[in-house]
>>> print(open('entry.cif').read())   # mmCIF, C-alpha atoms
data_target
loop_
_atom_site.label_atom_id
_atom_site.label_comp_id
_atom_site.auth_asym_id
_atom_site.auth_seq_id
_atom_site.Cartn_x
_atom_site.Cartn_y
_atom_site.Cartn_z
CA MET T 261 -94.75 -4.76 -193.94
CA SER T 262 -93.34 -2.32 -191.38
CA ARG T 263 -93.20 -5.16 -188.86
CA LEU T 264 -90.84 -6.97 -191.21
CA ARG T 265 -88.68 -3.91 -191.80
CA THR T 266 -88.05 -3.13 -188.14
CA PRO T 267 -86.34 -6.45 -187.28
CA LEU T 268 -84.42 -6.33 -190.56
CA LEU T 269 -83.24 -2.80 -189.84
CA LEU T 270 -82.24 -3.76 -186.31
CA ALA T 271 -80.34 -6.78 -187.60
CA CYS T 272 -78.44 -4.57 -190.06
CA LEU T 273 -77.59 -2.02 -187.38
CA VAL T 274 -76.42 -4.70 -184.95
CA SER T 275 -74.35 -6.35 -187.69
CA ALA T 276 -72.68 -3.03 -188.59
CA ALA T 277 -72.03 -2.23 -184.92
CA CYS T 278 -70.47 -5.67 -184.39
CA ALA T 279 -68.26 -5.25 -187.45
CA ARG T 280 -66.94 -2.05 -185.93
CA SER T 281 -66.57 -3.07 -182.30
CA MET T 282 -64.58 -6.27 -182.75
CA GLY T 283 -60.82 -6.40 -182.70
CA PRO T 284 -58.79 -7.28 -185.80
CA ALA T 285 -60.14 -10.06 -187.99
CA ARG T 286 -58.68 -13.45 -187.19
CA THR T 287 -59.11 -14.93 -190.66
CA PRO T 288 -59.39 -13.65 -194.23
CA SER T 289 -62.98 -14.92 -194.30
CA GLU T 290 -63.88 -12.92 -191.21
CA ALA T 291 -62.22 -9.84 -192.72
CA ARG T 292 -64.24 -10.22 -195.94
CA THR T 293 -67.47 -10.54 -193.98
CA ARG T 294 -66.72 -7.49 -191.83
CA VAL T 295 -65.61 -5.40 -194.80
CA ALA T 296 -68.77 -6.37 -196.70
CA THR T 297 -70.89 -5.30 -193.73
CA LEU T 298 -69.03 -1.99 -193.46
CA LEU T 299 -69.43 -1.30 -197.17
CA ASP T 300 -73.18 -1.66 -196.65
CA ALA T 301 -73.14 0.83 -193.75
CA PRO T 302 -73.54 4.37 -195.09
CA ASP T 303 -71.64 5.94 -192.19
CA ALA T 304 -68.61 3.61 -192.12
CA GLY T 305 -65.32 5.46 -192.22
CA ALA T 306 -61.60 4.81 -192.37
CA PRO T 307 -61.32 3.95 -188.64
CA ASP T 308 -63.98 1.27 -189.05
CA PHE T 309 -62.12 -0.39 -191.93
CA ALA T 310 -58.80 -0.02 -190.11
CA ALA T 311 -60.27 -1.83 -187.10
CA VAL T 312 -60.65 -4.93 -189.28
CA GLY T 313 -56.85 -5.12 -189.20
CA PRO T 314 -54.28 -5.94 -191.88
CA GLU T 315 -56.67 -8.34 -193.62
CA ALA T 316 -58.86 -5.35 -194.55
CA VAL T 317 -56.56 -4.49 -197.46
CA ALA T 318 -57.04 -7.80 -199.26
CA ALA T 319 -60.77 -7.85 -198.47
CA LEU T 320 -61.24 -4.32 -199.84
CA GLN T 321 -59.21 -5.10 -202.96
CA THR T 322 -61.36 -8.19 -203.52
CA GLU T 323 -64.48 -6.02 -203.28
CA LEU T 324 -63.01 -3.45 -205.68
CA LEU T 325 -62.18 -6.12 -208.25
CA ASP T 326 -65.50 -8.00 -207.89
CA THR T 327 -67.12 -7.73 -211.31
CA GLN T 328 -70.45 -8.93 -209.85
CA ALA T 329 -70.67 -6.00 -207.40
CA ASN T 330 -72.24 -2.71 -208.38
CA ASP T 331 -70.04 0.26 -209.19
CA ALA T 332 -71.06 2.22 -206.07
CA ARG T 333 -69.88 -0.59 -203.81
CA ARG T 334 -66.66 -1.00 -205.76
CA LEU T 335 -66.00 2.75 -205.60
CA ALA T 336 -66.62 2.67 -201.83
CA ALA T 337 -63.98 -0.07 -201.58
CA ALA T 338 -61.51 2.09 -203.54
CA ARG T 339 -62.16 5.05 -201.25
CA ALA T 340 -61.76 2.86 -198.18
CA LEU T 341 -58.44 1.53 -199.47
CA ALA T 342 -57.21 5.07 -200.06
CA GLY T 343 -58.32 6.17 -196.61
CA LEU T 344 -56.72 3.42 -194.55
CA PRO T 345 -54.28 4.89 -192.03
CA GLY T 346 -50.57 4.68 -192.67
CA LYS T 347 -51.13 4.42 -196.42
CA THR T 348 -51.60 0.66 -196.01
CA GLY T 349 -54.16 0.38 -198.81
CA LEU T 350 -52.44 2.51 -201.44
CA ALA T 351 -50.30 -0.26 -202.95
CA ALA T 352 -53.37 -2.47 -203.45
CA LEU T 353 -55.27 0.46 -204.91
CA GLY T 354 -52.41 1.19 -207.32
CA ASP T 355 -52.16 -2.45 -208.33
CA SER T 356 -55.90 -2.51 -209.03
CA VAL T 357 -55.74 0.36 -211.53
CA GLY T 358 -54.13 -1.93 -214.12
CA SER T 359 -56.57 -4.78 -213.59
CA PRO T 360 -58.79 -5.79 -216.51
CA ARG T 361 -61.52 -6.39 -213.93
CA LEU T 362 -62.11 -2.65 -213.57
CA THR T 363 -64.27 -0.69 -215.96
CA PRO T 364 -62.64 2.44 -217.40
CA ALA T 365 -64.76 4.61 -215.08
CA LEU T 366 -63.75 2.66 -211.98
CA ARG T 367 -60.15 2.61 -213.15
CA ASP T 368 -60.22 6.42 -213.45
CA ALA T 369 -61.78 6.75 -210.00
CA ALA T 370 -59.23 4.42 -208.40
CA ALA T 371 -56.34 6.31 -210.03
CA GLU T 372 -57.78 9.63 -208.84
CA GLU T 373 -58.14 8.29 -205.29
CA LEU T 374 -54.51 7.24 -205.33
CA GLY T 375 -53.38 10.56 -206.77
CA SER T 376 -55.40 12.43 -204.16
CA HIS T 377 -53.85 10.66 -201.21
CA ASP T 378 -50.14 10.26 -201.82
CA ARG T 379 -48.00 11.89 -204.49
CA GLU T 380 -45.00 9.56 -204.18
CA GLU T 381 -47.09 6.39 -204.16
CA ALA T 382 -49.08 7.67 -207.16
CA VAL T 383 -45.89 8.22 -209.17
CA ALA T 384 -44.49 4.84 -208.13
CA ARG T 385 -47.68 2.93 -208.95
CA LEU T 386 -49.16 4.91 -211.85
CA GLY T 387 -46.01 6.01 -213.67
CA PRO T 388 -45.27 2.51 -215.00
CA LEU T 389 -48.90 2.14 -216.11
CA LEU T 390 -48.39 4.95 -218.62
CA GLY T 391 -46.76 2.28 -220.78
CA ALA T 392 -49.56 -0.29 -220.43
CA PRO T 393 -50.94 -1.83 -223.64
CA ASP T 394 -54.54 -0.85 -222.73
CA PRO T 395 -55.30 2.81 -223.56
CA SER T 396 -57.84 3.04 -220.71
CA VAL T 397 -55.12 2.04 -218.24
CA ARG T 398 -52.76 4.68 -219.67
CA SER T 399 -55.51 7.28 -219.52
CA ALA T 400 -56.39 6.43 -215.91
CA ALA T 401 -52.73 6.56 -214.90
CA ALA T 402 -52.46 10.00 -216.48
CA ARG T 403 -55.57 11.14 -214.60
CA GLY T 404 -54.17 9.97 -211.28
CA LEU T 405 -50.78 11.54 -211.93
CA GLY T 406 -52.44 14.82 -212.84
CA ARG T 407 -54.29 14.71 -209.54
CA ALA T 408 -51.08 13.92 -207.65
CA GLY T 409 -49.07 16.70 -209.27
CA GLY T 410 -45.47 17.41 -208.45
CA ALA T 411 -42.28 17.39 -210.49
CA ALA T 412 -42.00 13.59 -210.79
CA ALA T 413 -45.62 13.22 -211.96
CA ARG T 414 -45.18 16.01 -214.51
CA LYS T 415 -42.00 14.40 -215.83
CA SER T 416 -43.76 11.04 -216.25
CA LEU T 417 -46.65 12.71 -218.08
CA GLU T 418 -44.34 14.74 -220.34
CA ASP T 419 -42.22 11.70 -221.20
CA ARG T 420 -45.30 9.69 -222.15
CA LEU T 421 -46.84 12.53 -224.16
CA GLU T 422 -43.81 12.49 -226.47
CA ARG T 423 -44.46 8.81 -227.34
CA GLU T 424 -48.25 8.48 -227.07
CA GLU T 425 -50.05 7.68 -230.31
CA ASP T 426 -53.64 7.21 -229.09
CA PRO T 427 -55.50 10.55 -229.53
CA GLY T 428 -57.73 10.00 -226.48
CA VAL T 429 -54.78 9.21 -224.24
CA ARG T 430 -52.84 12.18 -225.65
CA GLU T 431 -55.77 14.42 -224.75
CA ARG T 432 -55.86 12.99 -221.20
CA LEU T 433 -52.09 13.47 -220.86
CA GLN T 434 -52.39 17.11 -221.90
CA ALA T 435 -55.29 17.72 -219.52
CA SER T 436 -53.38 16.05 -216.69
CA LEU T 437 -50.31 18.15 -217.37
CA ALA T 438 -52.47 21.28 -217.19
CA GLN T 439 -53.92 20.07 -213.89
CA ALA T 440 -50.67 18.93 -212.28
CA GLN T 441 -49.11 21.48 -210.00
CA PRO T 442 -45.29 21.49 -209.82
#
>>> encode(input="entry.cif", output="structure tokens")
Amino acid sequence: MSRLRTPLLLACLVSAACARSMGPARTPSEARTRVATLLDAPDAGAPDFAAVGPEAVAALQTELLDTQANDARRLAAARALAGLPGKTGLAALGDSVGSPRLTPALRDAAAEELGSHDREEAVARLGPLLGAPDPSVRSAAARGLGRAGGAAARKSLEDRLEREEDPGVRERLQASLAQAQP
């Protein structure tokens, strides 16, 4: 059995090293393959995903929204999107928060990632989601805005609190207001 594991381990390490050492992906398919390999590598970081090039954003968003993937992989994709240099993945991350393809837990995590990385982008992307028909989307948006903080996030949360009828979302809005720093 260990004889079988050694070649498999070497193949995985070589595959991960190749995904990192290549230049930008030339096709969306190549980007998806490289992103998938990086998501399987426990030590892959933002520079590795950035090396895939502009196609990394779409490939990571596809992974995040893949309902067949496990939650850990999908969360890793959300974190990678948030960590891309130059804020290139934040719009895709924000767009994903409202997707029905995310579970409420993943939606919360994606919103928190966005709120943790860029206050202005969080307000721009999550503020409108406070009016979404789905209470879990409104709740996630509130969570992300609470994480982002700032005057604009607080104003969005306060405005929604005045109109919110769902008790669970009201509770999340109040908690997010308490968390949000001016």
>>> atom_distance(input="entry.cif", atom1="CA of His377 in chain T", atom2="CA of Ala306 in chain T")
13.1 Å
>>> resolve_selection(input="entry.cif", expression="the PyMOL selection byres ((chain T and resi 406) around 7)", output="CSV table (one decimal) with C-alpha atoms, in the frame of the given file")
chain,number,residue,atom,x,y,z
T,402,ALA,CA,-52.5,10.0,-216.5
T,403,ARG,CA,-55.6,11.1,-214.6
T,404,GLY,CA,-54.2,10.0,-211.3
T,405,LEU,CA,-50.8,11.5,-211.9
T,407,ARG,CA,-54.3,14.7,-209.5
T,408,ALA,CA,-51.1,13.9,-207.6
T,409,GLY,CA,-49.1,16.7,-209.3
T,436,SER,CA,-53.4,16.0,-216.7
T,437,LEU,CA,-50.3,18.2,-217.4
T,439,GLN,CA,-53.9,20.1,-213.9
T,440,ALA,CA,-50.7,18.9,-212.3
>>> closest_residue(input="entry.cif", among="T:Ala285, T:Ala392, T:Leu374, T:Val429", to="Thr348 in chain T", atoms="all atoms listed in the file")
T:Leu374
>>> residues_around(input="entry.cif", residues="Ser356 in chain T", least_positions_apart="2", cutoff="10 Å", atoms="all atoms listed in the file", output="ChimeraX atom specification")
/T:321-322,324-325,338,350-354,358-362,366-367,370-371,385
>>> closest_residue(input="entry.cif", among="T:Ala400, T:Ala412, T:Val312, T:Leu299", to="Ala340 in chain T", atoms="all atoms listed in the file")
T:Leu299
>>> build_atoms(input="entry.cif", residues="range 395-420 of chain T", atoms="N, CA and C atoms", output="PDB file, in the coordinates of the input")
ATOM      1  N   PRO T 395     -55.202   1.351-223.613  1.00  0.00           N
ATOM      2  CA  PRO T 395     -55.300   2.810-223.560  1.00  0.00           C
ATOM      3  C   PRO T 395     -56.092   3.327-222.347  1.00  0.00           C
ATOM      4  N   SER T 396     -57.087   2.561-221.873  1.00  0.00           N
ATOM      5  CA  SER T 396     -57.840   3.040-220.710  1.00  0.00           C
ATOM      6  C   SER T 396     -56.994   3.006-219.446  1.00  0.00           C
ATOM      7  N   VAL T 397     -56.036   2.079-219.378  1.00  0.00           N
ATOM      8  CA  VAL T 397     -55.120   2.040-218.240  1.00  0.00           C
ATOM      9  C   VAL T 397     -54.169   3.238-218.314  1.00  0.00           C
ATOM     10  N   ARG T 398     -53.647   3.516-219.507  1.00  0.00           N
ATOM     11  CA  ARG T 398     -52.760   4.680-219.670  1.00  0.00           C
ATOM     12  C   ARG T 398     -53.488   5.976-219.324  1.00  0.00           C
ATOM     13  N   SER T 399     -54.722   6.079-219.777  1.00  0.00           N
ATOM     14  CA  SER T 399     -55.510   7.280-219.520  1.00  0.00           C
ATOM     15  C   SER T 399     -55.786   7.454-218.023  1.00  0.00           C
ATOM     16  N   ALA T 400     -56.137   6.365-217.346  1.00  0.00           N
ATOM     17  CA  ALA T 400     -56.390   6.430-215.910  1.00  0.00           C
ATOM     18  C   ALA T 400     -55.117   6.806-215.150  1.00  0.00           C
ATOM     19  N   ALA T 401     -54.003   6.228-215.548  1.00  0.00           N
ATOM     20  CA  ALA T 401     -52.730   6.560-214.900  1.00  0.00           C
ATOM     21  C   ALA T 401     -52.429   8.040-215.058  1.00  0.00           C
ATOM     22  N   ALA T 402     -52.673   8.564-216.244  1.00  0.00           N
ATOM     23  CA  ALA T 402     -52.460  10.000-216.480  1.00  0.00           C
ATOM     24  C   ALA T 402     -53.367  10.833-215.587  1.00  0.00           C
ATOM     25  N   ARG T 403     -54.618  10.416-215.460  1.00  0.00           N
ATOM     26  CA  ARG T 403     -55.570  11.140-214.600  1.00  0.00           C
ATOM     27  C   ARG T 403     -55.081  11.179-213.161  1.00  0.00           C
ATOM     28  N   GLY T 404     -54.657  10.032-212.652  1.00  0.00           N
ATOM     29  CA  GLY T 404     -54.170   9.970-211.280  1.00  0.00           C
ATOM     30  C   GLY T 404     -52.906  10.785-211.065  1.00  0.00           C
ATOM     31  N   LEU T 405     -52.013  10.754-212.042  1.00  0.00           N
ATOM     32  CA  LEU T 405     -50.780  11.540-211.930  1.00  0.00           C
ATOM     33  C   LEU T 405     -51.074  13.040-211.986  1.00  0.00           C
ATOM     34  N   GLY T 406     -52.043  13.417-212.800  1.00  0.00           N
ATOM     35  CA  GLY T 406     -52.440  14.820-212.840  1.00  0.00           C
ATOM     36  C   GLY T 406     -52.995  15.269-211.502  1.00  0.00           C
ATOM     37  N   ARG T 407     -53.748  14.400-210.861  1.00  0.00           N
ATOM     38  CA  ARG T 407     -54.290  14.710-209.540  1.00  0.00           C
ATOM     39  C   ARG T 407     -53.179  14.814-208.509  1.00  0.00           C
ATOM     40  N   ALA T 408     -52.186  13.929-208.618  1.00  0.00           N
ATOM     41  CA  ALA T 408     -51.080  13.920-207.650  1.00  0.00           C
ATOM     42  C   ALA T 408     -50.213  15.164-207.801  1.00  0.00           C
ATOM     43  N   GLY T 409     -49.932  15.541-209.026  1.00  0.00           N
ATOM     44  CA  GLY T 409     -49.070  16.700-209.270  1.00  0.00           C
ATOM     45  C   GLY T 409     -47.638  16.449-208.831  1.00  0.00           C
ATOM     46  N   GLY T 410     -46.861  17.505-208.854  1.00  0.00           N
ATOM     47  CA  GLY T 410     -45.470  17.410-208.450  1.00  0.00           C
ATOM     48  C   GLY T 410     -44.544  17.207-209.648  1.00  0.00           C
ATOM     49  N   ALA T 411     -43.280  17.441-209.422  1.00  0.00           N
ATOM     50  CA  ALA T 411     -42.280  17.390-210.490  1.00  0.00           C
ATOM     51  C   ALA T 411     -42.164  15.987-211.101  1.00  0.00           C
ATOM     52  N   ALA T 412     -42.164  14.959-210.278  1.00  0.00           N
ATOM     53  CA  ALA T 412     -42.000  13.590-210.790  1.00  0.00           C
ATOM     54  C   ALA T 412     -43.214  13.179-211.630  1.00  0.00           C
ATOM     55  N   ALA T 413     -44.414  13.548-211.199  1.00  0.00           N
ATOM     56  CA  ALA T 413     -45.620  13.220-211.960  1.00  0.00           C
ATOM     57  C   ALA T 413     -45.607  13.959-213.299  1.00  0.00           C
ATOM     58  N   ARG T 414     -45.251  15.228-213.271  1.00  0.00           N
ATOM     59  CA  ARG T 414     -45.180  16.010-214.510  1.00  0.00           C
ATOM     60  C   ARG T 414     -44.170  15.410-215.476  1.00  0.00           C
ATOM     61  N   LYS T 415     -43.023  14.989-214.969  1.00  0.00           N
ATOM     62  CA  LYS T 415     -42.000  14.400-215.830  1.00  0.00           C
ATOM     63  C   LYS T 415     -42.527  13.114-216.480  1.00  0.00           C
ATOM     64  N   SER T 416     -43.192  12.274-215.697  1.00  0.00           N
ATOM     65  CA  SER T 416     -43.760  11.040-216.250  1.00  0.00           C
ATOM     66  C   SER T 416     -44.778  11.357-217.345  1.00  0.00           C
ATOM     67  N   LEU T 417     -45.628  12.328-217.099  1.00  0.00           N
ATOM     68  CA  LEU T 417     -46.650  12.710-218.080  1.00  0.00           C
ATOM     69  C   LEU T 417     -46.011  13.284-219.348  1.00  0.00           C
ATOM     70  N   GLU T 418     -45.022  14.141-219.185  1.00  0.00           N
ATOM     71  CA  GLU T 418     -44.340  14.740-220.340  1.00  0.00           C
ATOM     72  C   GLU T 418     -43.625  13.686-221.172  1.00  0.00           C
ATOM     73  N   ASP T 419     -42.938  12.766-220.487  1.00  0.00           N
ATOM     74  CA  ASP T 419     -42.220  11.700-221.200  1.00  0.00           C
ATOM     75  C   ASP T 419     -43.188  10.844-222.014  1.00  0.00           C
ATOM     76  N   ARG T 420     -44.341  10.531-221.435  1.00  0.00           N
ATOM     77  CA  ARG T 420     -45.300   9.690-222.150  1.00  0.00           C
ATOM     78  C   ARG T 420     -45.948  10.455-223.298  1.00  0.00           C
TER      79      ARG T 420
END
